[in-house]
Each structure stands twice: as structure tokens, then as C-alpha cells.
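Peer 1: You'll find structure01.cif just under this line, and it carries mmCIF, C-alpha atoms and all ligand atoms.
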```cif
data_input
#
loop_
_atom_site.label_atom_id
_atom_site.label_comp_id
_atom_site.auth_asym_id
_atom_site.auth_seq_id
_atom_site.Cartn_x
_atom_site.Cartn_y
_atom_site.Cartn_z
CA MET A 10 100.97 -8.65 91.49
CA ALA A 11 99.52 -5.95 89.24
CA VAL A 12 101.84 -4.43 86.65
CA GLU A 13 101.51 -0.92 88.12
CA VAL A 14 102.39 -2.14 91.60
CA ALA A 15 105.47 -3.96 90.35
CA LEU A 16 106.53 -0.94 88.32
CA GLU A 17 106.05 1.34 91.31
CA ARG A 18 108.24 -0.89 93.45
CA LEU A 19 110.90 -1.20 90.78
CA LEU A 20 110.98 2.57 90.36
CA GLU A 21 111.29 3.12 94.10
CA MET A 22 114.25 0.77 94.20
CA ALA A 23 115.77 2.50 91.18
CA ALA A 24 115.38 5.90 92.80
CA ALA A 25 117.02 4.59 95.97
CA THR A 26 120.17 3.60 94.04
CA PRO A 27 120.64 6.42 91.55
CA ILE A 28 123.72 6.64 89.36
CA VAL A 29 125.43 9.69 90.84
CA GLN A 30 128.66 9.84 88.86
CA ARG A 31 128.76 12.31 86.00
CA GLU A 32 130.66 12.83 82.80
CA HIS A 33 131.40 15.96 80.85
CA LEU A 34 130.86 15.13 77.19
CA PRO A 35 131.10 16.90 73.86
CA LEU A 36 127.62 17.55 72.53
CA ALA A 37 127.56 14.83 69.87
CA ALA A 38 128.75 12.19 72.35
CA ALA A 39 125.85 13.00 74.69
CA LEU A 40 123.22 11.54 72.37
CA GLY A 41 120.91 9.17 74.26
CA ARG A 42 122.34 10.13 77.64
CA VAL A 43 120.67 11.83 80.59
CA LEU A 44 121.37 15.42 81.58
CA ALA A 45 122.96 15.57 85.06
CA GLU A 46 122.29 19.25 85.75
CA ASP A 47 119.79 21.85 84.61
CA LEU A 48 120.71 23.49 81.33
CA VAL A 49 120.52 27.24 81.91
CA SER A 50 120.74 29.69 79.04
CA THR A 51 123.75 32.01 79.08
CA LEU A 52 122.35 34.13 76.29
CA ASP A 53 119.16 35.56 74.92
CA LEU A 54 117.89 33.46 72.05
CA PRO A 55 117.73 34.98 69.55
CA PRO A 56 120.44 37.36 70.77
CA TRP A 57 118.87 40.27 68.83
CA PRO A 58 115.56 40.87 67.06
CA ASN A 59 115.70 39.35 63.59
CA SER A 60 113.61 39.15 60.50
CA ALA A 61 111.26 36.22 59.91
CA MET A 62 110.88 37.13 56.24
CA ASP A 63 112.73 38.26 53.14
CA GLY A 64 111.46 41.79 52.60
CA TYR A 65 111.81 45.30 54.00
CA ALA A 66 112.28 46.72 57.49
CA LEU A 67 110.71 50.07 58.28
CA ARG A 68 109.57 52.30 61.09
CA LEU A 69 105.80 52.19 60.82
CA ALA A 70 105.43 55.81 61.95
CA ASP A 71 107.55 56.86 58.93
CA TRP A 72 105.09 55.37 56.48
CA ASN A 73 102.28 57.54 55.19
CA GLY A 74 101.38 55.35 52.21
CA GLU A 75 104.08 56.87 50.02
CA PRO A 76 106.99 54.72 48.73
CA LEU A 77 110.16 54.63 50.88
CA ARG A 78 113.78 54.80 49.77
CA VAL A 79 116.00 51.77 50.56
CA SER A 80 118.85 53.03 52.74
CA GLN A 81 120.70 49.73 53.40
CA ARG A 82 120.68 46.00 52.71
CA VAL A 83 120.96 43.58 55.62
CA PHE A 84 121.78 39.92 55.18
CA ALA A 85 121.90 37.25 57.88
CA GLY A 86 125.31 37.41 59.53
CA GLN A 87 125.63 41.19 59.14
CA ALA A 88 125.37 44.01 61.67
CA PRO A 89 123.04 46.73 60.35
CA GLU A 90 123.28 50.49 60.80
CA PRO A 91 120.41 52.17 62.63
CA LEU A 92 117.58 52.82 60.21
CA ALA A 93 117.79 56.30 58.69
CA ALA A 94 114.59 58.28 59.28
CA GLY A 95 112.04 58.08 56.46
CA THR A 96 113.70 55.11 54.77
CA CYS A 97 113.37 51.36 54.75
CA ALA A 98 116.03 48.63 54.75
CA ARG A 99 116.13 45.67 52.40
CA ILE A 100 116.33 42.71 54.78
CA PHE A 101 116.53 38.94 54.55
CA THR A 102 115.33 36.14 56.80
CA GLY A 103 117.49 35.78 59.90
CA ALA A 104 119.17 39.18 59.52
CA PRO A 105 119.25 41.49 62.57
CA VAL A 106 116.56 44.17 62.49
CA PRO A 107 118.14 47.65 62.27
CA ALA A 108 117.65 49.78 65.37
CA GLY A 109 114.64 52.02 64.85
CA ALA A 110 112.73 49.61 62.60
CA ASP A 111 109.62 48.11 64.15
CA CYS A 112 107.98 46.32 61.24
CA ILE A 113 108.99 43.96 58.46
CA GLU A 114 106.97 43.57 55.34
CA MET A 115 107.55 40.55 53.13
CA GLN A 116 108.62 41.31 49.61
CA GLU A 117 105.46 39.76 48.14
CA ASN A 118 103.60 42.83 49.50
CA ALA A 119 106.10 45.36 48.17
CA VAL A 120 106.66 46.84 44.70
CA VAL A 121 109.97 48.40 43.68
CA GLU A 122 109.13 51.53 41.72
CA SER A 123 111.12 52.72 38.70
CA ASP A 124 112.98 55.18 40.96
CA GLN A 125 114.01 52.23 43.21
CA ARG A 126 111.73 53.36 46.04
CA VAL A 127 109.50 50.73 47.57
CA ARG A 128 105.73 50.92 47.69
CA PHE A 129 103.91 48.80 50.25
CA THR A 130 100.62 47.42 49.06
CA GLU A 131 99.06 46.05 52.25
CA PRO A 132 98.24 47.46 55.69
CA MET A 133 101.00 46.73 58.22
CA VAL A 134 101.17 46.49 62.00
CA SER A 135 103.96 47.23 64.42
CA GLY A 136 106.13 44.18 65.25
CA GLN A 137 105.04 42.10 62.30
CA ASN A 138 107.53 39.52 61.06
CA ILE A 139 110.03 40.42 63.80
CA ARG A 140 111.32 37.61 66.00
CA PRO A 141 112.05 39.45 69.24
CA GLN A 142 115.27 39.12 71.21
CA GLY A 143 114.92 36.30 73.76
CA GLN A 144 111.69 34.95 72.29
CA GLU A 145 112.96 31.40 72.80
CA ALA A 146 115.06 31.83 75.93
CA THR A 147 116.51 34.59 78.07
CA VAL A 148 119.77 34.73 80.04
CA GLY A 149 119.45 32.70 83.25
CA GLU A 150 116.38 30.79 82.15
CA GLN A 151 116.26 27.01 82.67
CA VAL A 152 115.77 25.44 79.27
CA LEU A 153 116.17 21.73 80.08
CA ALA A 154 115.87 20.12 83.51
CA ALA A 155 118.32 17.64 85.00
CA GLY A 156 117.01 14.16 84.25
CA THR A 157 116.09 14.99 80.65
CA ARG A 158 117.07 12.37 78.10
CA LEU A 159 119.13 13.89 75.34
CA GLY A 160 117.78 13.08 71.91
CA PRO A 161 118.71 14.88 68.71
CA ILE A 162 116.23 17.66 69.48
CA GLU A 163 117.67 18.39 72.94
CA LEU A 164 121.19 18.39 71.49
CA GLY A 165 120.07 20.83 68.81
CA LEU A 166 118.57 23.06 71.48
CA ALA A 167 121.77 22.93 73.56
CA ALA A 168 123.75 23.82 70.44
CA SER A 169 121.47 26.79 69.74
CA LEU A 170 122.41 28.06 73.21
CA GLY A 171 126.09 27.71 72.39
CA CYS A 172 126.83 24.68 74.60
CA ALA A 173 129.77 22.66 73.30
CA THR A 174 129.69 20.15 76.14
CA LEU A 175 127.09 18.78 78.53
CA GLU A 176 127.21 17.26 81.99
CA VAL A 177 125.54 13.84 81.78
CA VAL A 178 124.92 10.94 84.13
CA ARG A 179 127.47 8.18 83.62
CA LYS A 180 126.23 5.16 81.69
CA VAL A 181 124.42 2.44 83.59
CA ARG A 182 126.51 -0.72 83.40
CA VAL A 183 124.24 -3.63 82.57
CA ALA A 184 125.32 -7.26 82.33
CA VAL A 185 123.22 -9.28 79.89
CA LEU A 186 122.98 -12.93 80.76
CA SER A 187 121.18 -15.52 78.61
CA THR A 188 120.25 -18.63 80.53
CA GLY A 189 119.41 -21.95 78.91
CA ASP A 190 121.13 -25.23 78.02
CA GLU A 191 119.32 -25.13 74.70
CA LEU A 192 120.91 -21.89 73.52
CA VAL A 193 123.56 -21.55 70.84
CA GLU A 194 124.74 -18.42 69.11
CA PRO A 195 123.81 -17.74 65.49
CA GLY A 196 126.52 -18.95 63.14
CA GLN A 197 126.88 -22.31 64.84
CA ALA A 198 125.15 -25.52 63.77
CA LEU A 199 122.02 -26.43 65.74
CA GLY A 200 122.25 -29.71 67.62
CA PRO A 201 119.24 -31.71 68.77
CA GLY A 202 116.98 -29.67 71.04
CA GLN A 203 118.93 -26.50 70.50
CA ILE A 204 117.70 -23.06 69.45
CA TYR A 205 119.47 -19.84 68.60
CA ASN A 206 119.88 -17.20 71.27
CA SER A 207 117.76 -14.26 70.13
CA ASN A 208 117.34 -12.44 73.45
CA ARG A 209 121.00 -11.57 73.77
CA VAL A 210 121.36 -9.49 70.60
CA LEU A 211 117.90 -8.02 71.11
CA LEU A 212 118.68 -6.80 74.62
CA CYS A 213 122.28 -5.73 73.95
CA GLY A 214 121.15 -3.57 71.03
CA TRP A 215 118.22 -2.13 72.93
CA LEU A 216 120.40 -1.27 75.92
CA GLN A 217 122.88 0.50 73.68
CA HIS A 218 120.00 2.53 72.24
CA LEU A 219 119.12 3.47 75.79
CA GLY A 220 122.61 4.79 76.44
CA CYS A 221 123.71 1.90 78.69
CA GLU A 222 127.11 0.27 78.87
CA VAL A 223 126.57 -3.37 78.01
CA VAL A 224 128.57 -6.19 79.54
CA ASP A 225 127.82 -9.31 77.55
CA ALA A 226 127.85 -12.08 80.15
CA GLY A 227 127.22 -14.82 77.61
CA ILE A 228 125.14 -17.95 77.90
CA LEU A 229 124.62 -19.53 81.30
CA PRO A 230 123.85 -23.26 81.54
CA ASP A 231 120.82 -24.37 83.55
CA ASP A 232 122.72 -25.27 86.66
CA LEU A 233 122.45 -23.82 90.15
CA SER A 234 126.14 -23.70 91.01
CA ALA A 235 127.03 -22.27 87.59
CA THR A 236 124.30 -19.66 88.12
CA ARG A 237 125.73 -18.69 91.52
CA GLU A 238 129.24 -18.55 90.17
CA ARG A 239 128.31 -16.36 87.18
CA LEU A 240 126.19 -14.00 89.26
CA ALA A 241 129.02 -13.64 91.77
CA GLN A 242 131.43 -12.70 88.95
CA LEU A 243 129.16 -9.83 87.92
CA SER A 244 129.74 -7.83 91.09
CA ASP A 245 130.88 -4.64 89.31
CA VAL A 246 127.75 -3.85 87.31
CA ASP A 247 124.75 -1.66 88.14
CA LEU A 248 122.27 -4.28 86.99
CA ILE A 249 122.30 -7.91 85.97
CA LEU A 250 119.66 -8.41 83.29
CA SER A 251 119.02 -12.06 82.58
CA THR A 252 116.56 -13.97 80.45
CA GLY A 253 115.02 -17.34 81.21
CA GLY A 254 115.22 -19.62 84.19
CA VAL A 255 112.67 -17.74 86.29
CA SER A 256 109.64 -19.99 86.04
CA VAL A 257 108.84 -23.07 88.09
CA GLY A 258 110.58 -25.74 86.01
CA GLU A 259 113.29 -28.04 87.31
CA ALA A 260 115.83 -26.18 85.20
CA ASP A 261 114.87 -22.68 86.41
CA PHE A 262 117.57 -21.57 88.82
CA LEU A 263 117.71 -17.79 88.82
CA GLY A 264 115.00 -17.29 91.43
CA ILE A 265 116.52 -20.01 93.61
CA ALA A 266 119.97 -18.42 93.49
CA LEU A 267 118.53 -15.03 94.42
CA ARG A 268 116.46 -16.44 97.25
CA GLU A 269 119.35 -18.41 98.68
CA ASP A 270 122.27 -15.97 98.28
CA GLY A 271 120.54 -12.65 97.93
CA GLU A 272 117.05 -11.34 97.94
CA LEU A 273 114.05 -12.18 95.78
CA ALA A 274 111.90 -9.09 95.77
CA LEU A 275 109.02 -9.78 93.45
CA TRP A 276 107.71 -12.17 90.92
CA LYS A 277 104.49 -13.51 89.37
CA LEU A 278 103.06 -10.54 87.60
CA ALA A 279 99.54 -10.24 86.29
CA ILE A 280 100.93 -9.63 82.82
CA LYS A 281 100.83 -11.68 79.65
CA PRO A 282 103.34 -12.33 78.32
CA GLY A 283 105.84 -11.99 81.13
CA LYS A 284 104.29 -13.55 84.22
CA PRO A 285 107.44 -14.89 85.94
CA LEU A 286 109.35 -11.58 85.82
CA THR A 287 111.77 -11.60 88.72
CA PHE A 288 113.50 -8.81 90.60
CA GLY A 289 116.01 -9.16 93.35
CA HIS A 290 119.58 -8.68 94.45
CA TYR A 291 122.53 -10.99 94.28
CA ARG A 292 125.10 -10.03 96.91
CA GLY A 293 123.87 -6.47 96.68
CA VAL A 294 123.77 -6.23 92.87
CA PRO A 295 120.28 -5.60 91.48
CA VAL A 296 119.02 -8.36 89.19
CA ILE A 297 116.08 -8.27 86.81
CA GLY A 298 115.20 -11.70 85.52
CA LEU A 299 113.13 -11.43 82.37
CA PRO A 300 111.17 -14.49 81.28
CA GLY A 301 112.94 -16.36 78.49
CA ASN A 302 110.22 -16.46 75.86
CA PRO A 303 111.30 -13.80 73.34
CA ALA A 304 107.99 -11.89 73.32
CA SER A 305 107.92 -12.03 77.14
CA THR A 306 111.47 -10.65 77.22
CA LEU A 307 110.44 -7.83 74.92
CA VAL A 308 107.27 -6.86 76.77
CA THR A 309 108.77 -6.97 80.25
CA PHE A 310 111.85 -5.09 79.16
CA ALA A 311 109.72 -2.38 77.54
CA LEU A 312 107.29 -1.98 80.42
CA LEU A 313 109.43 -2.65 83.49
CA ALA A 314 113.19 -2.88 82.90
CA ARG A 315 113.40 0.15 80.63
CA PRO A 316 111.64 2.49 83.08
CA TYR A 317 113.82 1.06 85.87
CA LEU A 318 117.03 1.83 83.94
CA LEU A 319 115.87 5.34 83.07
CA ARG A 320 114.93 6.05 86.69
CA ARG A 321 118.37 4.87 87.86
CA GLN A 322 119.71 7.71 85.70
CA GLY A 323 117.34 10.23 87.24
CA VAL A 324 114.74 10.37 84.46
CA GLN A 325 111.39 11.34 85.94
CA SER A 326 109.10 10.69 83.03
CA VAL A 327 109.58 6.98 82.34
CA ALA A 328 106.09 5.82 81.39
CA PRO A 329 105.76 5.20 77.66
CA LEU A 330 103.18 7.13 75.68
CA LYS A 331 99.95 5.21 75.42
CA PHE A 332 97.12 6.09 73.11
CA LYS A 333 93.50 5.02 73.37
CA VAL A 334 92.44 3.52 70.07
CA PRO A 335 89.50 1.43 68.87
CA ALA A 336 90.15 -2.29 68.58
CA GLY A 337 89.90 -3.76 65.11
CA PHE A 338 89.58 -7.25 66.57
CA ALA A 339 87.42 -9.09 69.06
CA TRP A 340 88.79 -10.56 72.28
CA PRO A 341 85.95 -12.59 73.72
CA LYS A 342 87.80 -14.39 76.49
CA ALA A 343 88.82 -12.16 79.39
CA GLY A 344 92.16 -13.00 80.97
CA SER A 345 93.19 -12.63 84.57
CA ARG A 346 96.47 -11.04 83.44
CA ARG A 347 96.82 -7.74 81.58
CA GLU A 348 97.73 -8.61 78.03
CA TYR A 349 100.11 -6.87 75.70
CA LEU A 350 99.35 -8.08 72.21
CA ARG A 351 101.64 -7.34 69.35
CA GLY A 352 99.62 -5.20 66.97
CA ARG A 353 99.60 -2.39 64.48
CA MET A 354 97.26 0.34 63.33
CA GLU A 355 95.18 -0.19 60.22
CA ASN A 356 92.44 2.23 59.12
CA GLY A 357 92.47 3.88 62.55
CA ARG A 358 92.01 0.61 64.46
CA ALA A 359 94.41 -1.69 66.25
CA ILE A 360 94.79 -5.10 64.70
CA ILE A 361 96.87 -7.93 66.10
CA TYR A 362 99.31 -10.49 64.73
CA ARG A 363 97.75 -13.85 64.01
CA ASN A 364 99.92 -15.73 66.50
CA GLN A 365 100.30 -14.20 69.97
CA SER A 366 102.38 -17.01 71.47
CA SER A 367 105.08 -15.58 73.70
CA GLY A 368 107.55 -17.73 71.79
CA VAL A 369 106.87 -15.92 68.52
CA LEU A 370 109.14 -12.91 68.15
CA ARG A 371 107.97 -12.43 64.58
CA SER A 372 104.78 -10.98 66.04
CA ALA A 373 106.83 -8.07 67.38
CA ALA A 374 108.77 -7.57 64.16
CA TRP A 375 105.41 -7.29 62.37
CA ALA A 376 103.96 -5.02 65.04
CA GLU A 377 104.06 -1.25 65.43
CA GLY A 378 102.95 -1.32 69.02
CA LEU A 379 101.77 -3.17 72.10
CA VAL A 380 98.00 -3.40 72.35
CA GLU A 381 96.89 -3.35 75.97
CA VAL A 382 93.89 -5.43 76.99
CA LEU A 383 93.03 -4.99 80.67
CA GLU A 384 92.53 -7.75 83.20
CA GLY A 385 89.00 -9.10 82.92
CA GLN A 386 88.31 -7.20 79.71
CA THR A 387 86.40 -8.75 76.85
CA LEU A 388 86.41 -6.85 73.61
CA VAL A 389 84.17 -6.47 70.65
CA GLU A 390 85.42 -4.61 67.60
CA GLY A 391 85.34 -0.88 68.21
CA ASP A 392 85.97 -1.11 71.97
CA GLU A 393 88.80 1.02 73.28
CA VAL A 394 92.26 -0.47 73.89
CA GLY A 395 95.61 1.04 74.87
CA PHE A 396 98.29 1.29 72.18
CA ILE A 397 101.96 1.81 73.10
CA PRO A 398 104.03 2.50 69.98
CA LEU A 399 107.12 0.31 69.89
CA SER A 400 109.09 3.22 68.45
CA GLU A 401 108.37 4.99 71.71
CA VAL A 402 109.96 2.33 73.91
CA LEU A 403 112.78 1.18 71.67
CA GLY A 404 114.87 4.33 72.05
N1 LIG A 501 104.16 -24.99 85.07
C1 LIG A 501 104.36 -23.76 84.62
N2 LIG A 501 105.15 -23.58 83.58
C2 LIG A 501 105.37 -22.34 83.08
C3 LIG A 501 104.73 -21.26 83.68
C4 LIG A 501 103.91 -21.46 84.80
O1 LIG A 501 103.33 -20.54 85.37
N3 LIG A 501 103.77 -22.74 85.25
N4 LIG A 501 104.90 -20.04 83.13
C5 LIG A 501 105.15 -20.00 81.72
C6 LIG A 501 105.44 -18.68 81.29
S1 LIG A 501 104.12 -17.64 81.28
C7 LIG A 501 106.65 -18.29 80.83
S2 LIG A 501 106.84 -16.72 80.22
C8 LIG A 501 107.79 -19.18 80.81
C9 LIG A 501 109.01 -18.47 81.35
O2 LIG A 501 109.99 -19.35 81.56
P1 LIG A 501 111.46 -18.94 82.01
O3 LIG A 501 111.59 -17.49 82.15
O4 LIG A 501 111.82 -19.81 83.12
O5 LIG A 501 112.30 -19.24 80.75
P2 LIG A 501 112.82 -20.62 80.21
O6 LIG A 501 111.99 -21.70 80.74
O7 LIG A 501 114.26 -20.65 80.45
O8 LIG A 501 112.53 -20.40 78.68
C10 LIG A 501 111.25 -20.19 78.18
C11 LIG A 501 111.24 -20.31 76.68
O9 LIG A 501 112.03 -19.30 76.11
C12 LIG A 501 113.07 -19.82 75.33
N5 LIG A 501 114.26 -18.97 75.50
C13 LIG A 501 114.89 -18.79 76.66
N6 LIG A 501 115.95 -17.99 76.47
C14 LIG A 501 115.98 -17.68 75.18
C15 LIG A 501 116.87 -16.90 74.38
N7 LIG A 501 117.91 -16.26 74.93
N8 LIG A 501 116.61 -16.78 73.06
C16 LIG A 501 115.55 -17.43 72.52
N9 LIG A 501 114.68 -18.17 73.23
C17 LIG A 501 114.90 -18.33 74.53
C18 LIG A 501 113.28 -21.20 75.86
O10 LIG A 501 113.90 -22.04 74.95
C19 LIG A 501 111.86 -21.61 76.22
O11 LIG A 501 111.18 -22.04 75.08
O12 LIG A 501 107.55 -20.32 81.59
C20 LIG A 501 106.29 -20.95 81.31
N10 LIG A 501 106.20 -22.17 82.02
O1 LIG A 502 103.92 -14.91 80.88
MO1 LIG A 502 104.47 -16.04 79.61
O2 LIG A 502 105.45 -14.76 79.13
O3 LIG A 502 102.87 -15.82 78.84
O4 LIG A 502 104.77 -16.91 78.06
MG MG A 503 111.66 -22.13 82.52
#
```
Spell out the structure here as C-alpha cells.

Peer 2:
Amino acid sequence: MAVEVALERLLEMAAATPIVQREHLPLAAALGRVLAEDLVSTLDLPPWPNSAMDGYALRLADWNGEPLRVSQRVFAGQAPEPLAAGTCARIFTGAPVPAGADCIEMQENAVVESDQRVRFTEPMVSGQNIRPQGQEATVGEQVLAAGTRLGPIELGLAASLGCATLEVVRKVRVAVLSTGDELVEPGQALGPGQIYNSNRVLLCGWLQHLGCEVVDAGILPDDLSATRERLAQLSDVDLILSTGGVSVGEADFLGIALREDGELALWKLAIKPGKPLTFGHYRGVPVIGLPGNPASTLVTFALLARPYLLRRQGVQSVAPLKFKVPAGFAWPKAGSRREYLRGRMENGRAIIYRNQSSGVLRSAAWAEGLVEVLEGQTLVEGDEVGFIPLSEVLG
């Protein structure tokens, strides 16, 4: 199955089971969450015309080239008097423009004469250096749409509109399950044949970044009845996200458990790494089974599970940014699967880590992005490839 087709199906299923519960949160607590309702401005922003410069406010019609007397000084945070006819006001950046003034000249173009009157040295036009009332937003205007992810910028914008709280979609509850008899947690001694569990901390941290509630479901042995039992215990989550046990080996039980007690919706993707990605339901609970190889886990989470989780929360735009860049490497052998190589940009070209084995997570730590090589594509240096910045998908 092509990656786009799988993604499309995953997103349809996500949209069919949206998280509908909401929470009302103080602004700072809403970081990384998804807005549950449109954010509509209750004020004009800015609420009054204000000065973009430190300088002088005047009524242009009052200026005949002669110096003007300063009739008031207006700082940010003050409420000015209307401008007296034939005068100018000393004004500072962010201060409200006095009624009657229609022009602000920056002080660099003004000379204070010995009699304290101000001479303007450059031609001026009406409206210059005035930030009009409502230039950013007007009362009743929709500023952010429901389904927007709230990063620091969106929170800043909400704050500028005076919002102290926001209505957000409740967190998606995700159980993280690491399958594999060989796995031990860091801190313990490695026995024969054992390796440290790296997927668990990687996924738990990533999910937290994405604003999910993480249920750490621990390590699951490679055993069918243990798999059934553990899956059955996780009946109160929105998604079970597992790693490993989805290929065709004699110790791969996740797909079997789904097929027998639930539903196995898709697997065998034309993607490298990540081919055996599995989606299904276990007794009604959605399950995404990521392949166990650490780079496969990373790539399939970034390209499939992450968009799925965002769509469950009502986010419309879930596709990561992808740039077209020239390849700084050759790729002579076309694959039948779309490849996502771990690479970085150097001198305007994408280069790749020396070892692209799906078992080598170091490739991703070195990388700045995923370099996309299409199915059937052979590359010579300079050919175009897709580049998805990892920074784009990690948050
Ligand atoms: N005969 C075939 N064998 C395999 C195929 C195939 O098509 N035919 N596909 C290969 C591909 S591609 C992948 S990817 C892997 C996926 O296997 P599983 O998802 O079943 O994962 P496991 O077999 O359980 O583990 C694979 C690999 O990853 C290591 N691993 C697993 N979990 C973790 C963890 N939490 N932290 C660190 N490392 C982990 C595990 O030890 C294995 O080395 O199947 C291929 N085989
Ligand atoms: O599809 Mo696998 O993830 O290449 O190692
Ligand atoms: Mg396996």
C-alpha cells in the first residue's frame, strides 16, 4: 500500500472518532493543545491608533513648513488630550495618537529650535507612522480557527486579544507499549541477547510534545496470550501505540492478536523504513503498531501516527512541511518502497548519514530531516528530493 493511501485511510478513521470533550485552560497551560472553538476578537487591536515611532504627532494641514510648538507629551500607557490647533505633540512608540493628529514624524527628521519649537526637515504624508485602530483585528473577527494547534505564537496572539483562558480539546490518551523479549530498561545490566528499550522514551517524550496524555504500558513479552491480556487491559485509552512484533517472524504477535480478537485494517506499506506498519482495533480501541526498528518507529510515527493523533483532535493541516532540495548524494538503485533517509542540509544540498539501517537511531540524531526518495527513483547528485525537517514533526 502506498504511503499516501495509508495516510488517507488513517486520517479518515481519525476523523470518524474525534476527541469531542473539551477543557477550559489558563493560557499558559494550553501550550501544545488544540483549540476547540474559533477564537473571535472581542476588541479592536490595537484598540486605538498609536504611534509606530518616537517623534512628533501633528495635523498635516497645520504645517506650512514653519516650526510647530509642542503642546503635550504622550507616552505609551497615557491618554492624550486632543491636539491643539497649530501645534504638535511629542509622542513615543506605542502611545495613543492624540485626536486631530494625522501624521507622525520620527525624531530623526525633526530639529528642536532654540525656542523649543520643532522644525520638520522632510516632506510628510498623512497617516505616516500611525498604526490604525483595528489594523490587526476588529471586534467580532475570527482570529484563530477551531482545530488550530496552540504554539507560543498562538498563545501570544490570544494574550494580545485579552484572553486569559482558552477552550481546548482534551488530551488524547495514548498507551505506549514496547514489545520484545529482548528489551530491558536503561539502568539495568544487559543479559545475553538483550538490548535497551529506546522506543519507549522516544515515543513517550514525543507524545508529550504533541500534547498527548501518555500511559506507559511497559514492556510486553513476545507471547500471544500476554499480548491479548495486555491489550485488553488498555480499554480506556484513545489509542494503543506499540512498537515491534508486527512483522512475519514467529515472535511477532501484535497483528495476530488484532486479527483474531479485533480488526486488522492495514499493513505492508511501500515505505522504507517502516514496511510492516499495522493499524487496527482491539475490542474497539484503535491500535497503531509501529515497526520495532528504532528508525522505522521514528519514520512511521512522524509520517503516519503523528498526523493521525492530530486529526483525532480536529487539526486539519496535519501534513508536515516538505521542501524540494537538490540531492548532495547519488542513489543509483531504485527501490520499490518510498524511502525516508536520515539526512541534513550542507551547502544547500541534502546529504545523508553513512548508515541508513533501520536499526541505527544515531542516523536520526545526526539528521536535521527526512530525505524523501520516491518509489522507482534513481538519483544523481543535483536531482531533486523532498526534505522534511525533523524540527517540523517533533513538536
Ligand atoms: N522475513 C521478513 N522479515 C522481516 C521483514 C519482512 O518483510 N520479512 N520485514 C523487516 C522489516 S522491514 C522490519 S521494519 C522489521 C519489523 O519488525 P517488527 O516490527 O516485527 O519488530 P521486531 O521484530 O519486534 O523488532 C525489530 C527490531 O527492532 C528492535 N526493537 C524492537 N523494539 C525495540 C525497542 N523498543 N527499542 C529498541 N529496539 C527495538 C528489535 O530488537 C529488532 O532488532 O522486521 C523485518 N523482518
Ligand atoms: O521497513 Mo523496515 O523498517 O526497513 O527495517
Ligand atoms: Mg519482528

Peer 1: Within 12 Å of ligand MG 503 (chain A), which residues show up when you count only C-alpha atoms and all ligand atoms? List them as an NGL selection string, please.

Peer 2: :A and (188-191 or 231 or 252-264 or 283-286 or 298-302)

Peer 1: For each of A:Thr147, A:Ser187, A:Ser345, A:Ser123, take the minimum atom-to-atom distance to ligand LIG 501 (chain A), counting only C-alpha atoms and all ligand atoms, then give the residue where this is smallest.

Peer 2: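 Counting only C-alpha atoms and all ligand atoms, the residue closest to ligand LIG 501 (chain A) is A:Ser187.
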
Peer 1: Select the residues contacting ligand LIG 502 (chain A) at a distance of at most 10 Å, based on only C-alpha atoms and all ligand atoms, then format the selection as a PyMOL selection string.

Peer 2: chain A and resi 256+277-286+299-309+346+348-349+365-369

Peer 1: Which distance in Å separates atom CA of Leu52 of chain A and atom CA of Glu150 of chain A, to one decimal?

Peer 2: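 Result for atom CA of Leu52 of chain A versus atom CA of Glu150 of chain A: 9.0 Å, one decimal.
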
Peer 1: Ranking A:Ala184, A:Val12, A:Leu212, A:Ala343 by minimum distance to Asp245 of chain A and counting only C-alpha atoms, which one comes first?

Peer 2: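 Of A:Ala184, A:Val12, A:Leu212, A:Ala343, the one nearest Asp245 of chain A is A:Ala184, counting only C-alpha atoms.
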
Peer 1: Find, counting all atoms listed in the file, the residue in A:Glu75, A:Ala11, A:Ala314, A:Arg351 that gets nearest to Ser372 of chain A.

Peer 2: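 Looking only at the distances to Ser372 of chain A, the closest residue turns out to be A:Arg351.
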
Peer 1: Please, what distance in Å, to one decimal, runs between atom CA of Ile139 of chain A and atom CA of Ala110 of chain A?

Peer 2: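 So the answer is 9.7 Å.
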
Peer 1: Atom CA of Thr287 of chain A and atom O3 of ligand LIG 501 (chain A), how far apart in Å?

Peer 2: 8.8 Å

Peer 1: Name all residues at most 9 Å from Ser326 of chain A (count all atoms listed in the file; drop same-chain ones fewer than 2 positions away) and give them as a list in words.

Peer 2: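 These residues fall inside the cut-off: Gly156, Thr157, Pro316, Leu319, Arg320, Val324, Ala328 and Pro329 of chain A.
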
Peer 1: Need to verify the contact set: Arg158 of chain A, 12 Å, only C-alpha atoms, exclusion of same-chain residues closer than 5 positions in sequence. Can you return it as a ChimeraX atom specification?

Peer 2: /A:39-47,153,163-164,175-178,218-220,319-320,322-327,404

Peer 1: Write out as AutoDock Vina command-line options an axis-aligned box for segment 138-147 of chain A: all of its atoms listed in the file, 6 Å added on each side, centre and edge lengths in Å with one decimal.

Peer 2:
```
--center_x 112.0 --center_y 35.9 --center_z 69.6 --size_x 21.0 --size_y 21.0 --size_z 29.0
```

Peer 1: Which is closer to Val152 of chain A than all the others in A:Asp232, A:Glu114, A:Asp71, A:Asp53, using all atoms listed in the file?

Peer 2: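 The closest residue to Val152 of chain A is A:Asp53.
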
Peer 1: Given all atoms listed in the file as the basis, pick out the residue of A:Val83, A:Val210, A:Val380, A:Ala94 nearest to ligand LIG 501 (chain A).

Peer 2: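 Using all atoms listed in the file, the shortest distance to ligand LIG 501 (chain A) belongs to A:Val210.
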
Peer 1: Between A:Val148, A:Val389, A:Ala168, A:Met133, which has the minimum distance to Pro341 of chain A (counting only C-alpha atoms)?

Peer 2: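 Using only C-alpha atoms, the shortest distance to Pro341 of chain A belongs to A:Val389.
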
Peer 1: Would you list the contacts of Gly136 of chain A as a list of chain:residue names, taking every protein, DNA or RNA residue within 10 Å and counting only C-alpha atoms, but skipping same-chain residues closer than 5 positions in sequence?

Peer 2: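 Selected residues are A:Arg68, A:Leu69, A:Ala110, A:Asp111, A:Cys112, A:Ile113, A:Glu114, A:Pro141.
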
Peer 1: Output C-alpha atoms for every residue in the selection just made, as a compact mmCIF listing (two decimals), in the frame of the given file.

Peer 2:
```
# COMPACT_ATOMS: atom_id res chain seq x y z
CA ARG A 68 109.57 52.30 61.09
CA LEU A 69 105.80 52.19 60.82
CA ALA A 110 112.73 49.61 62.60
CA ASP A 111 109.62 48.11 64.15
CA CYS A 112 107.98 46.32 61.24
CA ILE A 113 108.99 43.96 58.46
CA GLU A 114 106.97 43.57 55.34
CA PRO A 141 112.05 39.45 69.24
```
